[in-house]
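Remarks on the structure that follows.
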Amino acid sequence: MTDPNPGPPVRRRKVFYLPGYDPFPPRRYRELYRREGAAQARISGYELSLQGQPGGTGWTVQFAEGGAEVHSTVTVLVWSDLVQASMQGGVTASYLALLRTAWIYLGSGALWRLARLRKGPVIAALYPVVALLGQLAVALGLGFALWGAIGGVFGGLSGLVLGLAVLQGGYRADRWLYAHYLMRDYAYSARDGGAYPAPLAARLTEFAETIAAAAEEGADEVLVVGHSSGAYLAISVLAELNRQNRVAVTVPLGLLTLGQVVPMVSALPRANQLRADLAEMGAQDRIFWLDVTAPGDGCAFALCDPVAVSGVAGADQRAPVVISARFTQTLAPETWARLRWRFFQLHFQYLCAFDRPGDYDYFRITAGPLSLRDRFADRASSPSVLRRNVAPRP
């Protein structure tokens with residue numbers, strides 16, 4: 001659906017994409033946009049072309065359909081260097097992260113509250129724990145078996161070497177298993193009990209300045225897109241701009257959150273800043289906020305109102321509009337059958353082409369002639385949205 005009284009069509013747009021916990025450089029997202037955008041253009045019948053920008057952190061998009069032509073620039077807000085730094089330390093660091101993270105979620109009661117909200121993302125969070133403990137069990141089992149077979153000091157040393165080799169092999173196989181990667185992801189968000197680490201907080205301040213400057217450069221729309229854990233970071237960035245009254249009413253500013261995992265952090269005891277930012281964004285209407293998830297994405301808190309479930313929804317809550325990407329309907333049966341058990345790929349499907357796109361089309365939203373507000377202003381949240389409060393008690 002679109003707004004029956006839309007504003008002027010968008011001719012120039014600035015898009016800022018905030019990725020989740022990802023150590024890879026921005027070109028990964030540029031090539032994903034290029035490939036999937038071309039596929040969606042073929043399916044939907046519009047024209048879409050890309051060109052890289054100097055510096056490698058963004059690209060420009062030319063969109064054309066039915067006489068409408070739009071020029072958009074997409075900039076990746078980079079924090080992959082912080083992710084890379086948090087992933088140092090190898091096997092030992094992953095197991096220490098496991099212990100710390102398990103203690104935080106279990107000791108605070110957050111895990112049990114989250115399980116009552118959506119089981120899928122909790123199971124996804126438990127996967128790296130089970131996988132790493134499984135690797136450790138295999139390493140210990142084989143190591144002790146070899147020690148028992150050989151005996152003596154030499155057997156003990158041989159068993160130790162074998163056990164370490166098994167653990168190192170699991171670490172090297174993480175490009176397929178994602179156990180160490182996901183463990184570091186959850187550990188990074190939880191290590192300070194949900195509070196933003198100082199380097200990340202400083203980076204978010206930089207992002208806010210970048211977006212505020214862009215809003216003064218005459219674009220017809222400034223759109224911020226946050227995916228996965230990048231969704232709650234984007235919420236905090238825009239909340240600070242709104243709090244400082246730096247959101248110009250003359251330039252439409254939109255927030256699109258995709259595959260959000262907000263409750264994984266907002267349920268933690270020291271996530272006070274995030275909860276305050278959610279309250280700020282939920283009560284305002286200057287920034288149009290659309291939250292898109294899908295029940296088929298087992299890594300996201302699908303159709304959970306991120307403001308309400310975080311316990312900060314007021315009587316005057318205005319945002320976000322929460323809708324589903326409806327994977328089972330917008331993907332062809334053969335595509336759904338191929339992706340159904342590829343959980344990591346499904347978590348990125350929001351950024352990809354759909355065989356049967358409905359009102360959610362990532363490329364029309366980020367490159368087409370309608371602003372986010374005009375495209376979804378008369379769209380109500382899904383009736384099946386969950387609003388159960390999982391925040392810690394004061």
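Lettering and numbering for the structure tokens are positional, with chains as A, B, ... in the shown order, residues counted from 1 in each chain, and ligands counted from 1 in the shown order.
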Exercise. Tell me which protein, DNA and RNA residues are within 12 Å of Arg270 (chain A), counting only C-alpha atoms, leaving out same-chain ones fewer than 4 positions away, and put them as a PyMOL selection string.
Key: chain A and resi 104-105+108+110+189-197+265-266+274-276+391-394
Quiz item: If you count only C-alpha atoms, which residues fall within 7 Å of region 305-313 of chain A, apart from same-chain ones fewer than 2 positions away, as number ranges by chain?
Solution: A: 262-263, 266-267, 275, 278-279, 282, 303, 315, 317, 322, 385-391
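Of the residues in region 295-344 of chain A, those that DSSP places in strand (DSSP E) on the basis of the backbone are Val321, Val322, Ile323 and Ser324 of chain A.
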Could you turn the residues from that selection into a file that holds all heavy atoms, as a CSV table (one decimal), in the first residue's frame?
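For reference, out05.csv as written:
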chain,number,residue,atom,x,y,z
A,321,VAL,N,5.9,0.6,12.5
A,321,VAL,CA,4.9,-0.3,11.8
A,321,VAL,C,5.7,-1.6,11.6
A,321,VAL,O,6.8,-1.7,11.1
A,321,VAL,CB,4.5,0.3,10.4
A,321,VAL,CG1,3.7,-0.7,9.7
A,321,VAL,CG2,3.8,1.6,10.6
A,322,VAL,N,5.1,-2.7,12.1
A,322,VAL,CA,5.7,-4.0,12.1
A,322,VAL,C,5.0,-4.9,11.1
A,322,VAL,O,3.8,-5.2,11.2
A,322,VAL,CB,5.7,-4.7,13.5
A,322,VAL,CG1,6.4,-6.0,13.4
A,322,VAL,CG2,6.4,-3.8,14.5
A,323,ILE,N,5.7,-5.4,10.0
A,323,ILE,CA,5.1,-6.2,9.0
A,323,ILE,C,6.0,-7.4,8.7
A,323,ILE,O,7.2,-7.5,9.2
A,323,ILE,CB,4.8,-5.5,7.7
A,323,ILE,CG1,6.2,-5.1,7.0
A,323,ILE,CG2,4.0,-4.3,7.9
A,323,ILE,CD1,6.0,-4.5,5.6
A,324,SER,N,5.5,-8.4,8.0
A,324,SER,CA,6.2,-9.6,7.7
A,324,SER,C,6.6,-9.6,6.2
A,324,SER,O,5.8,-9.1,5.3
A,324,SER,CB,5.3,-10.8,7.9
A,324,SER,OG,6.0,-12.0,7.5
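Taking CA of Thr205 (chain A) and CA of Pro19 (chain A) as endpoints, the distance between them is 16.0 Å.
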Self-check item: Nearby residues (only C-alpha atoms) at most 10 Å from Asp185 (chain A), same-chain spacing under 3 positions excluded, as JSON, numbers by chain
Solution: {"A": [20, 21, 22, 83, 86, 87, 97, 125, 179, 180, 181, 182, 188, 189, 190, 229]}
Quiz item: In region 19-201 of chain A, what's alpha helix (DSSP H) per DSSP? Answer as a VMD selection string?
Solution: chain A and resid 27 to 44 80 to 86 90 to 107 110 to 115 119 to 150 152 to 172 174 to 177 179 to 190 198 to 201
Quiz item: Could you pull the residues within 8 Å of region 235-237 of chain A, counting only C-alpha atoms, minus those fewer than 3 positions along the same chain, as a PyMOL selection string?
Solution: chain A and resi 204-205+207-208+231-232+240-241+255+274+277-278+281
